[in-house]
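This is data.cif. It holds mmCIF, C-alpha atoms and all ligand atoms.
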```cif
data_upload
loop_
_atom_site.label_atom_id
_atom_site.label_comp_id
_atom_site.auth_asym_id
_atom_site.auth_seq_id
_atom_site.Cartn_x
_atom_site.Cartn_y
_atom_site.Cartn_z
CA MET A 1 -33.51 7.01 -5.81
CA ALA A 2 -31.36 8.23 -8.71
CA ALA A 3 -31.05 5.79 -11.59
CA PRO A 4 -27.72 3.96 -11.84
CA ILE A 5 -25.31 5.29 -14.41
CA SER A 6 -25.70 2.95 -17.32
CA GLN A 7 -22.59 1.17 -18.53
CA ARG A 8 -24.21 -0.25 -21.66
CA PRO A 9 -21.84 -0.69 -24.62
CA GLY A 10 -22.18 2.04 -27.17
CA ARG A 11 -23.31 4.70 -24.72
CA THR A 12 -20.34 7.02 -24.81
CA ALA A 13 -21.72 10.53 -24.42
CA ILE A 14 -21.27 11.46 -20.76
CA LYS A 15 -21.87 15.06 -19.78
CA SER A 16 -19.37 16.53 -17.40
CA VAL A 17 -21.19 17.50 -14.20
CA SER A 18 -20.12 19.25 -11.06
CA SER A 19 -19.03 17.12 -8.14
CA PRO A 20 -21.82 16.06 -5.74
CA GLU A 21 -21.89 18.31 -2.71
CA VAL A 22 -21.42 17.10 0.84
CA GLY A 23 -24.92 16.32 2.13
CA SER A 24 -26.26 15.31 -1.30
CA ARG A 25 -26.95 11.80 -2.59
CA ALA A 26 -23.94 10.03 -4.12
CA PRO A 27 -24.67 9.09 -7.76
CA ASP A 28 -25.27 5.38 -8.03
CA PHE A 29 -23.25 3.32 -10.51
CA VAL A 30 -22.55 -0.20 -11.63
CA LEU A 31 -18.97 -1.20 -12.48
CA SER A 32 -17.21 -4.51 -12.94
CA GLY A 33 -15.00 -5.65 -10.06
CA PRO A 34 -12.53 -8.52 -10.02
CA ASN A 35 -15.23 -11.22 -9.86
CA ARG A 36 -18.59 -9.50 -10.18
CA ASN A 37 -20.40 -6.32 -11.03
CA ILE A 38 -20.57 -3.92 -8.13
CA ARG A 39 -23.34 -1.37 -7.61
CA LEU A 40 -22.79 1.43 -5.11
CA SER A 41 -26.32 1.07 -3.76
CA ASP A 42 -25.57 -2.57 -2.86
CA PHE A 43 -23.61 -1.13 0.07
CA ARG A 44 -26.55 0.72 1.68
CA GLY A 45 -26.23 0.22 5.42
CA GLN A 46 -22.46 0.47 5.22
CA THR A 47 -20.13 3.43 4.93
CA VAL A 48 -18.23 3.38 1.64
CA ILE A 49 -15.01 5.17 0.77
CA LEU A 50 -14.69 5.72 -2.98
CA ALA A 51 -11.05 6.14 -3.95
CA PHE A 52 -10.59 7.58 -7.44
CA ALA A 53 -7.17 7.09 -9.00
CA ALA A 54 -5.72 9.65 -11.37
CA PRO A 55 -4.65 8.55 -14.86
CA GLY A 56 -1.15 7.15 -14.68
CA TRP A 57 -1.66 5.80 -11.18
CA ASP A 58 -0.06 2.39 -11.23
CA PRO A 59 -1.02 0.24 -8.27
CA ALA A 60 1.31 -2.50 -9.47
CA LEU A 61 4.19 -0.31 -8.34
CA GLY A 62 3.18 -1.23 -4.87
CA THR A 63 3.49 1.84 -2.67
CA GLN A 64 0.01 3.02 -3.47
CA MET A 65 -1.44 -0.45 -3.10
CA ALA A 66 0.16 -0.96 0.31
CA LEU A 67 -1.27 2.32 1.56
CA PHE A 68 -4.75 1.67 0.26
CA ASN A 69 -4.59 -1.85 1.71
CA THR A 70 -3.74 -0.31 5.05
CA LEU A 71 -6.74 1.95 4.81
CA ALA A 72 -8.99 -0.98 3.83
CA ARG A 73 -7.79 -3.01 6.81
CA GLN A 74 -8.30 -0.15 9.24
CA ILE A 75 -11.87 0.64 8.28
CA GLU A 76 -12.98 -2.98 7.88
CA PRO A 77 -13.57 -3.64 11.64
CA ALA A 78 -15.94 -0.68 11.70
CA GLY A 79 -18.00 -2.18 8.87
CA ALA A 80 -16.86 0.20 6.14
CA GLN A 81 -15.90 -0.69 2.58
CA LEU A 82 -13.19 0.78 0.36
CA LEU A 83 -13.83 0.78 -3.41
CA GLY A 84 -11.02 1.73 -5.78
CA ILE A 85 -12.03 3.23 -9.12
CA GLY A 86 -9.49 3.65 -11.89
CA LEU A 87 -8.73 3.71 -15.57
CA GLU A 88 -5.46 1.84 -15.63
CA SER A 89 -5.36 -1.73 -16.88
CA PRO A 90 -3.15 -3.00 -14.01
CA TRP A 91 -6.19 -2.58 -11.79
CA CYS A 92 -7.70 -5.67 -13.37
CA ASN A 93 -4.49 -7.62 -13.95
CA LEU A 94 -2.92 -7.71 -10.52
CA ASP A 95 -1.59 -11.06 -9.43
CA LEU A 96 0.46 -10.05 -6.44
CA VAL A 97 1.24 -11.49 -3.05
CA GLY A 98 2.01 -10.26 0.43
CA GLU A 99 1.65 -6.55 1.03
CA ALA A 100 0.51 -5.96 -2.54
CA THR A 101 -2.43 -8.39 -2.47
CA VAL A 102 -5.53 -6.40 -3.29
CA ARG A 103 -7.75 -6.26 -0.23
CA PHE A 104 -10.63 -4.26 -1.74
CA PRO A 105 -12.55 -4.21 -5.03
CA LEU A 106 -10.79 -2.42 -7.87
CA LEU A 107 -13.40 -1.14 -10.30
CA HIS A 108 -12.73 -0.43 -13.96
CA ASP A 109 -14.11 2.86 -15.09
CA PHE A 110 -13.76 1.84 -18.72
CA ASP A 111 -17.14 1.91 -20.41
CA PRO A 112 -17.20 4.71 -21.31
CA ALA A 113 -13.69 5.56 -20.14
CA GLY A 114 -13.80 7.76 -17.06
CA GLY A 115 -17.60 7.96 -17.02
CA ILE A 116 -17.92 7.56 -13.26
CA ALA A 117 -15.08 9.98 -12.53
CA GLN A 118 -16.84 12.54 -14.72
CA ARG A 119 -20.13 11.97 -12.91
CA TYR A 120 -18.34 12.67 -9.64
CA GLY A 121 -16.60 15.72 -11.10
CA VAL A 122 -13.09 14.39 -10.47
CA SER A 123 -11.82 13.54 -13.95
CA GLY A 124 -8.04 13.32 -14.01
CA ASN A 125 -7.61 13.82 -10.26
CA ARG A 126 -7.13 11.72 -7.17
CA ALA A 127 -10.16 11.87 -4.91
CA LEU A 128 -11.84 10.27 -1.94
CA PHE A 129 -15.56 10.38 -1.21
CA VAL A 130 -17.02 9.19 2.07
CA VAL A 131 -20.57 7.94 1.44
CA ASP A 132 -22.59 7.10 4.54
CA ALA A 133 -24.91 4.18 5.18
CA ALA A 134 -27.83 6.09 3.64
CA GLY A 135 -25.95 6.87 0.42
CA ILE A 136 -25.24 10.51 1.31
CA VAL A 137 -21.85 12.13 0.64
CA ARG A 138 -20.42 12.95 4.07
CA ALA A 139 -16.98 14.19 3.00
CA LYS A 140 -15.00 14.52 -0.17
CA TRP A 141 -11.45 15.23 -1.01
CA ILE A 142 -10.31 16.08 -4.54
CA LEU A 143 -6.65 16.76 -5.26
CA GLN A 144 -5.37 18.42 -8.39
CA THR A 145 -2.26 16.80 -9.83
CA GLY A 146 0.83 17.89 -7.94
CA LEU A 147 -1.00 19.07 -4.83
CA LEU A 148 -0.74 17.41 -1.45
CA PRO A 149 -3.41 17.12 1.22
CA THR A 150 -3.58 19.76 3.91
CA PRO A 151 -4.32 19.11 7.59
CA ARG A 152 -7.72 20.79 7.04
CA MET A 153 -8.64 18.27 4.35
CA LEU A 154 -7.59 15.43 6.65
CA ASP A 155 -9.72 16.81 9.46
CA GLU A 156 -12.73 17.09 7.22
CA VAL A 157 -12.55 13.50 6.01
CA TRP A 158 -11.77 12.09 9.41
CA ARG A 159 -14.45 13.99 11.25
CA SER A 160 -16.89 12.01 9.15
CA LEU A 161 -15.08 8.72 9.77
CA SER A 162 -14.69 9.18 13.52
CA ARG A 163 -18.45 8.85 13.96
CA PRO A 164 -19.86 5.29 13.81
CA LEU A 165 -19.15 4.09 10.28
CA SER A 166 -22.20 1.91 9.78
CA VAL A 167 -25.69 1.66 11.20
CA GLY A 168 -25.17 0.27 14.69
CA GLY A 169 -21.48 -0.30 13.94
CA PRO A 170 -18.52 0.74 16.07
CA ALA A 171 -16.68 4.00 15.64
CA LEU A 172 -13.00 3.97 14.80
CA THR A 173 -10.68 3.86 17.76
CA ARG A 174 -8.29 6.75 18.35
CA ARG A 175 -5.43 4.59 17.08
CA GLN A 176 -7.32 3.61 13.93
CA PHE A 177 -8.18 7.25 13.45
CA LEU A 178 -4.55 8.33 13.60
CA LEU A 179 -3.23 5.54 11.40
CA GLY A 180 -6.07 5.86 8.94
CA SER A 181 -5.50 9.57 8.73
CA LEU A 182 -1.88 8.88 7.92
CA ALA A 183 -2.77 6.25 5.33
CA ILE A 184 -5.24 8.52 3.57
CA SER A 185 -2.84 11.41 3.64
CA ALA A 186 -0.02 9.32 2.24
CA ALA A 187 -2.19 7.56 -0.34
CA LEU A 188 -3.50 10.78 -1.78
CA ALA A 189 -0.17 12.52 -1.52
CA LEU A 190 1.35 10.08 -3.97
CA SER A 191 1.59 11.72 -7.31
CA PRO A 192 0.96 9.62 -10.41
CA LEU A 193 3.13 12.06 -12.34
CA PRO A 194 6.25 12.59 -10.23
CA ALA A 195 7.89 15.02 -12.61
CA ALA A 196 4.85 17.26 -12.74
CA ALA A 197 4.42 17.06 -9.01
CA ALA A 198 8.01 17.82 -8.18
CA GLU A 199 7.66 21.56 -8.47
CA GLY A 200 6.84 23.06 -5.14
CA THR A 201 6.52 19.69 -3.49
CA SER A 202 8.85 20.36 -0.59
CA ARG A 203 6.87 23.30 0.65
CA ARG A 204 3.60 21.41 0.41
CA LEU A 205 5.11 18.34 2.04
CA SER A 206 6.23 20.41 4.97
CA ASP A 207 2.66 21.71 5.31
CA ALA A 208 1.38 18.13 5.65
CA SER A 209 4.13 16.69 7.85
CA GLU A 210 3.83 15.81 11.48
CA ILE A 211 6.47 14.60 13.94
CA ARG A 212 5.51 11.45 15.80
CA THR A 213 7.15 9.48 18.58
CA LEU A 214 7.15 5.74 18.11
CA VAL A 215 8.91 2.65 19.37
CA LEU A 216 10.22 0.23 16.78
CA ASN A 217 11.34 -3.21 17.85
CA VAL A 218 14.19 -4.21 15.56
CA ASN A 219 16.10 -7.45 16.05
CA GLY A 220 14.76 -7.68 19.59
CA VAL A 221 15.77 -4.17 20.63
CA ASP A 222 13.29 -1.33 21.20
CA HIS A 223 14.23 1.96 19.54
CA GLN A 224 12.33 5.13 20.45
CA LEU A 225 12.26 7.48 17.49
CA GLU A 226 10.95 10.93 16.68
CA VAL A 227 10.09 10.73 13.01
CA ASP A 228 8.14 12.59 10.40
CA SER A 229 4.90 10.67 9.96
CA ARG A 230 5.76 9.95 6.32
CA VAL A 231 9.11 8.25 6.99
CA THR A 232 9.22 4.76 5.53
CA LEU A 233 10.34 1.80 7.57
CA LEU A 234 13.36 1.55 5.27
CA ASP A 235 14.47 5.11 6.01
CA ALA A 236 13.78 4.67 9.72
CA LEU A 237 16.07 1.63 9.78
CA ARG A 238 18.85 3.20 7.76
CA GLU A 239 18.75 6.89 8.66
CA TYR A 240 17.40 6.91 12.21
CA ILE A 241 18.58 3.60 13.72
CA GLY A 242 21.74 3.24 11.63
CA LEU A 243 21.07 -0.30 10.42
CA THR A 244 22.28 0.09 6.84
CA GLY A 245 22.33 -3.62 6.01
CA THR A 246 18.85 -3.23 4.54
CA LYS A 247 19.41 -1.67 1.12
CA LYS A 248 17.53 0.93 -0.88
CA GLY A 249 17.40 -0.05 -4.54
CA CYS A 250 14.36 1.19 -6.42
CA ASP A 251 12.43 2.70 -3.46
CA GLN A 252 9.29 1.67 -5.37
CA GLY A 253 8.65 -1.91 -4.32
CA THR A 254 10.09 -3.62 -7.37
CA CYS A 255 13.62 -4.79 -6.53
CA GLY A 256 13.34 -6.43 -3.09
CA ALA A 257 16.65 -5.03 -1.80
CA CYS A 258 14.82 -3.58 1.20
CA THR A 259 13.12 -6.83 2.31
CA VAL A 260 12.78 -7.29 6.08
CA LEU A 261 10.57 -9.46 8.28
CA ALA A 262 7.64 -8.02 10.22
CA ASP A 263 6.34 -10.55 12.73
CA GLY A 264 8.00 -13.22 10.60
CA ARG A 265 6.41 -12.13 7.30
CA ARG A 266 8.57 -10.67 4.56
CA ILE A 267 7.73 -7.14 3.55
CA LYS A 268 9.35 -4.48 1.40
CA SER A 269 10.33 -1.83 3.88
CA CYS A 270 10.28 0.95 1.27
CA LEU A 271 6.53 0.41 0.88
CA THR A 272 5.45 0.77 4.46
CA LEU A 273 5.59 3.64 6.90
CA ALA A 274 7.58 3.23 10.10
CA LEU A 275 4.54 4.31 12.10
CA MET A 276 2.51 1.39 10.77
CA ARG A 277 5.01 -1.14 12.10
CA GLU A 278 4.99 -0.05 15.73
CA GLY A 279 4.23 -3.07 17.91
CA GLN A 280 5.61 -5.59 15.40
CA ARG A 281 8.89 -7.50 15.56
CA ILE A 282 11.12 -6.29 12.73
CA THR A 283 14.02 -8.51 11.67
CA THR A 284 16.80 -7.21 9.44
CA ILE A 285 19.92 -8.84 8.08
CA GLU A 286 21.84 -7.60 11.14
CA GLY A 287 19.63 -9.76 13.33
CA LEU A 288 20.50 -13.12 11.76
CA ALA A 289 24.00 -13.98 12.97
CA ALA A 290 24.03 -15.20 16.55
CA SER A 291 26.99 -15.43 18.94
CA GLY A 292 29.42 -14.47 16.21
CA ARG A 293 28.25 -17.27 13.90
CA LEU A 294 26.71 -16.62 10.52
CA HIS A 295 23.18 -17.80 9.91
CA PRO A 296 23.19 -20.94 7.71
CA LEU A 297 21.73 -18.93 4.83
CA GLN A 298 24.50 -16.34 5.10
CA ALA A 299 27.10 -19.10 5.11
CA ALA A 300 25.44 -20.86 2.16
CA PHE A 301 25.39 -17.67 0.09
CA ILE A 302 29.14 -17.38 0.64
CA SER A 303 29.95 -21.01 -0.04
CA HIS A 304 27.81 -21.03 -3.19
CA ASP A 305 29.25 -17.74 -4.42
CA ALA A 306 25.68 -16.43 -4.57
CA LEU A 307 26.67 -12.78 -4.74
CA GLN A 308 28.82 -10.49 -6.78
CA CYS A 309 28.42 -6.84 -5.76
CA GLY A 310 26.32 -7.94 -2.77
CA TYR A 311 23.83 -5.09 -2.92
CA CYS A 312 20.80 -7.33 -3.27
CA THR A 313 22.12 -9.97 -0.86
CA PRO A 314 20.57 -8.82 2.46
CA GLY A 315 17.12 -8.70 0.82
CA GLN A 316 17.70 -12.07 -0.86
CA ILE A 317 18.71 -13.73 2.41
CA ILE A 318 15.83 -12.28 4.42
CA SER A 319 13.41 -13.27 1.69
CA ALA A 320 14.90 -16.77 1.55
CA LEU A 321 14.49 -17.12 5.30
CA ALA A 322 10.77 -16.40 5.02
CA LEU A 323 10.42 -18.56 1.92
CA ILE A 324 11.79 -21.62 3.73
CA ASP A 325 9.49 -20.91 6.65
CA GLU A 326 6.54 -20.60 4.28
CA GLY A 327 7.31 -24.05 2.82
CA HIS A 328 7.99 -22.72 -0.65
CA ALA A 329 11.41 -24.29 -1.14
CA ARG A 330 10.39 -27.76 -2.27
CA SER A 331 12.01 -27.49 -5.69
CA ASP A 332 14.31 -25.17 -7.61
CA GLY A 333 11.34 -24.06 -9.69
CA GLU A 334 9.37 -23.19 -6.58
CA ILE A 335 12.32 -21.29 -5.10
CA ARG A 336 12.68 -19.28 -8.31
CA GLU A 337 8.96 -18.50 -8.31
CA TRP A 338 8.78 -17.41 -4.69
CA MET A 339 12.03 -15.43 -4.86
CA SER A 340 10.88 -13.57 -7.96
CA GLY A 341 10.30 -10.38 -5.97
CA ASN A 342 14.04 -10.12 -5.29
CA LEU A 343 16.06 -8.96 -8.27
CA CYS A 344 19.82 -9.37 -8.74
CA ARG A 345 21.38 -7.15 -11.36
CA CYS A 346 24.55 -9.25 -11.20
CA GLY A 347 22.58 -12.29 -12.33
CA CYS A 348 23.54 -14.64 -9.49
CA TYR A 349 20.21 -16.44 -9.65
CA PRO A 350 21.45 -20.05 -10.16
CA ASN A 351 23.82 -19.77 -7.20
CA ILE A 352 21.17 -18.13 -5.04
CA VAL A 353 18.78 -20.98 -5.78
CA ASP A 354 21.49 -23.53 -4.96
CA ALA A 355 22.23 -21.84 -1.62
CA ILE A 356 18.59 -21.72 -0.61
CA HIS A 357 17.98 -25.26 -1.77
CA GLU A 358 20.85 -26.52 0.36
CA VAL A 359 19.68 -24.81 3.53
CA ALA A 360 16.07 -25.82 2.93
CA ALA A 361 17.11 -29.42 2.49
CA GLY A 362 18.85 -29.24 5.85
CA SER A 363 22.36 -29.92 4.56
CA LYS A 364 25.34 -28.13 5.99
CA PRO A 365 26.38 -24.99 4.15
FE1 LIG A 401 12.22 -1.55 -1.74
FE2 LIG A 401 13.41 -1.82 -4.10
S1 LIG A 401 11.70 -2.91 -3.32
S2 LIG A 401 14.02 -0.61 -2.42
FE1 LIG A 402 24.88 -7.64 -7.23
FE2 LIG A 402 22.77 -9.18 -6.63
S1 LIG A 402 24.88 -9.53 -6.20
S2 LIG A 402 22.77 -7.17 -7.39
#
```
Can the structure in the file be given as structure tokens, please?
Amino acid sequence: MAAPISQRPGRTAIKSVSSPEVGSRAPDFVLSGPNRNIRLSDFRGQTVILAFAAPGWDPALGTQMALFNTLARQIEPAGAQLLGIGLESPWCNLDLVGEATVRFPLLHDFDPAGGIAQRYGVSGNRALFVVDAAGIVRAKWILQTGLLPTPRMLDEVWRSLSRPLSVGGPALTRRQFLLGSLAISAALALSPLPAAAAEGTSRRLSDASEIRTLVLNVNGVDHQLEVDSRVTLLDALREYIGLTGTKKGCDQGTCGACTVLADGRRIKSCLTLALMREGQRITTIEGLAASGRLHPLQAAFISHDALQCGYCTPGQIISALALIDEGHARSDGEIREWMSGNLCRCGCYPNIVDAIHEVAAGSKP
């Protein structure tokens, strides 16, 4: 067995080597994870997907994290493990909730910086390696900055994943295969350097796109849609179904204007693909008022003057609905904390807290 790559302090000279070929042994390594050191060879008997992030990749922005989380969830039932490897400090400082909670080990390729990426021949690029239960590279996918995955790349990676993923373990189902393919495609398609990637992107995006038919249940009504596989839930709601109450602010997971409920849990609809939400119950601001009467939270926002321009308000109200349900409205401090993912550029925070507090306490708006 090849010796692990040493991460001893002071050892900084790493020779650049060519990337391990498909069919060869994956170089072993030891890196520090969130709570422990992780050695690749510890996962013998399991399939491992190594996901290398390019410099500048910021998982705290959310979109990338949501997609990688999706991938981690999909391969988990088949006994496979996703390991993220990156250089950025947010990888070790994430303290996020909901869709952004890290569901797989994030490894810090710090000592020396980028040493593992160099050993795998992927320095500065996004890459995925599929390493089988015996430690052999079964597929690899390296993307230069600004390039997007092609259907051929997807096929190559997923041919290896559609076989049983671990010794004696189950193979992915057809549905997992399709969704995982989408998640991998989308995750690697995200450019860490949007400006650099912009040139020529449309043509490459069209190469990777695929039209899918799906049924989205929104506010109790089924909508059959034909959408590009990369359409976000937010765009599906606004552009395809015509429910424009859900707002697009940052489109990056930071402002909360796009918050909706999926099976009762609040999510940022700009961070999830429409395809991934098929089969769930989506609730938007349009679904709250019943029989011509405002929902108590809507009425409380009005009576407490908890809005100025109103752009953030649908996201605030949906988030508040979930927050009360979660039991996180026991004090003003708690409300502020658990509403911190919803920004208001008009600064209506005190009034928003008052409105939520009133409804949570059960008083009439
Ligand atoms: Fe989705 Fe800002 S968080 S639009
Ligand atoms: Fe204007 Fe919140 S009311 S952004």
Please check which protein, DNA or RNA residues sit within 12 Å of ligand LIG 401 (chain A), counting all atoms listed in the file, and write them as a PyMOL selection string.
chain A and resi 61-63+99-100+232-235+238+246-260+266-272+311-312+314-316+319+340-344
What would the file look like if the residues just selected were written as a PDB file, in the coordinates of the input with C-alpha atoms?
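File out-v6.pdb, as written:
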```
ATOM      1  CA  LEU A  61       4.190  -0.310  -8.340  1.00  0.00           C
ATOM      2  CA  GLY A  62       3.180  -1.230  -4.870  1.00  0.00           C
ATOM      3  CA  THR A  63       3.490   1.840  -2.670  1.00  0.00           C
ATOM      4  CA  GLU A  99       1.650  -6.550   1.030  1.00  0.00           C
ATOM      5  CA  ALA A 100       0.510  -5.960  -2.540  1.00  0.00           C
ATOM      6  CA  THR A 232       9.220   4.760   5.530  1.00  0.00           C
ATOM      7  CA  LEU A 233      10.340   1.800   7.570  1.00  0.00           C
ATOM      8  CA  LEU A 234      13.360   1.550   5.270  1.00  0.00           C
ATOM      9  CA  ASP A 235      14.470   5.110   6.010  1.00  0.00           C
ATOM     10  CA  ARG A 238      18.850   3.200   7.760  1.00  0.00           C
ATOM     11  CA  THR A 246      18.850  -3.230   4.540  1.00  0.00           C
ATOM     12  CA  LYS A 247      19.410  -1.670   1.120  1.00  0.00           C
ATOM     13  CA  LYS A 248      17.530   0.930  -0.880  1.00  0.00           C
ATOM     14  CA  GLY A 249      17.400  -0.050  -4.540  1.00  0.00           C
ATOM     15  CA  CYS A 250      14.360   1.190  -6.420  1.00  0.00           C
ATOM     16  CA  ASP A 251      12.430   2.700  -3.460  1.00  0.00           C
ATOM     17  CA  GLN A 252       9.290   1.670  -5.370  1.00  0.00           C
ATOM     18  CA  GLY A 253       8.650  -1.910  -4.320  1.00  0.00           C
ATOM     19  CA  THR A 254      10.090  -3.620  -7.370  1.00  0.00           C
ATOM     20  CA  CYS A 255      13.620  -4.790  -6.530  1.00  0.00           C
ATOM     21  CA  GLY A 256      13.340  -6.430  -3.090  1.00  0.00           C
ATOM     22  CA  ALA A 257      16.650  -5.030  -1.800  1.00  0.00           C
ATOM     23  CA  CYS A 258      14.820  -3.580   1.200  1.00  0.00           C
ATOM     24  CA  THR A 259      13.120  -6.830   2.310  1.00  0.00           C
ATOM     25  CA  VAL A 260      12.780  -7.290   6.080  1.00  0.00           C
ATOM     26  CA  ARG A 266       8.570 -10.670   4.560  1.00  0.00           C
ATOM     27  CA  ILE A 267       7.730  -7.140   3.550  1.00  0.00           C
ATOM     28  CA  LYS A 268       9.350  -4.480   1.400  1.00  0.00           C
ATOM     29  CA  SER A 269      10.330  -1.830   3.880  1.00  0.00           C
ATOM     30  CA  CYS A 270      10.280   0.950   1.270  1.00  0.00           C
ATOM     31  CA  LEU A 271       6.530   0.410   0.880  1.00  0.00           C
ATOM     32  CA  THR A 272       5.450   0.770   4.460  1.00  0.00           C
ATOM     33  CA  TYR A 311      23.830  -5.090  -2.920  1.00  0.00           C
ATOM     34  CA  CYS A 312      20.800  -7.330  -3.270  1.00  0.00           C
ATOM     35  CA  PRO A 314      20.570  -8.820   2.460  1.00  0.00           C
ATOM     36  CA  GLY A 315      17.120  -8.700   0.820  1.00  0.00           C
ATOM     37  CA  GLN A 316      17.700 -12.070  -0.860  1.00  0.00           C
ATOM     38  CA  SER A 319      13.410 -13.270   1.690  1.00  0.00           C
ATOM     39  CA  SER A 340      10.880 -13.570  -7.960  1.00  0.00           C
ATOM     40  CA  GLY A 341      10.300 -10.380  -5.970  1.00  0.00           C
ATOM     41  CA  ASN A 342      14.040 -10.120  -5.290  1.00  0.00           C
ATOM     42  CA  LEU A 343      16.060  -8.960  -8.270  1.00  0.00           C
ATOM     43  CA  CYS A 344      19.820  -9.370  -8.740  1.00  0.00           C
TER      44      CYS A 344
END
```
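Based on all atoms listed in the file, the protein and nucleic acid residues found within 8 Å of ligand LIG 402 (chain A) are, by chain and then by number, Ala306, Leu307, Gln308, Cys309, Gly310, Tyr311, Cys312, Thr313, Leu343, Cys344, Arg345, Cys346, Gly347 and Cys348 of chain A.
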All residues 9 Å or closer to Tyr240 in chain A, all atoms listed in the file, same chain fewer than 2 positions away omitted, as a PyMOL selection string
chain A and resi 225-227+235-238+242-243
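Nearest residue to Ile352 in chain A among A:Ala300, A:Val22, A:Val215, A:Leu321 is A:Ala300, counting all atoms listed in the file.
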Find, counting all atoms listed in the file, the residue in A:Asp132, A:Asp354, A:Asp228, A:Asp222 that gets nearest to Leu273 in chain A.
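Using all atoms listed in the file, the shortest distance to Leu273 in chain A belongs to A:Asp228.
Going from CA of Tyr349 in chain A over to CA of Ala329 in chain A, you cover 14.5 Å.
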Suppose you want the space between CA of Glu278 in chain A and CA of Asn217 in chain A; what is it in Å?
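One can read the CA of Glu278 in chain A to CA of Asn217 in chain A distance as 7.4 Å.
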From CA of Arg73 in chain A to CA of Pro27 in chain A the spacing works out at 25.4 Å
How big is the axis-aligned box around all listed atoms of range 324-342 of chain A once 5 Å goes on each side, and where's its centre, in Å to one decimal, as JSON?
```
{"center_x": 10.4, "center_y": -18.9, "center_z": -1.5, "size_x": 17.8, "size_y": 27.6, "size_z": 26.3}
```
Of A:Leu261, A:Val137, A:Leu107, A:Ala320, the one sitting nearest Glu334 in chain A when using only C-alpha atoms is A:Ala320
Could you list, as a PyMOL selection string, every residue within 7 Å of Ile285 in chain A, counting only C-alpha atoms and ignoring same-chain residues fewer than 2 positions away?
chain A and resi 245-246+283+287-288+314+318
Using all atoms listed in the file, find the one residue out of A:Trp141, A:Phe301, A:Tyr120, A:Phe129 that sits nearest to Leu82 in chain A.
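Nearest to Leu82 in chain A: A:Phe129.
Restricting the calculation to only C-alpha atoms, the smallest distance between Pro296 in chain A and any of A:His357, A:Arg126, A:Arg44, A:Arg25 is found for A:His357.
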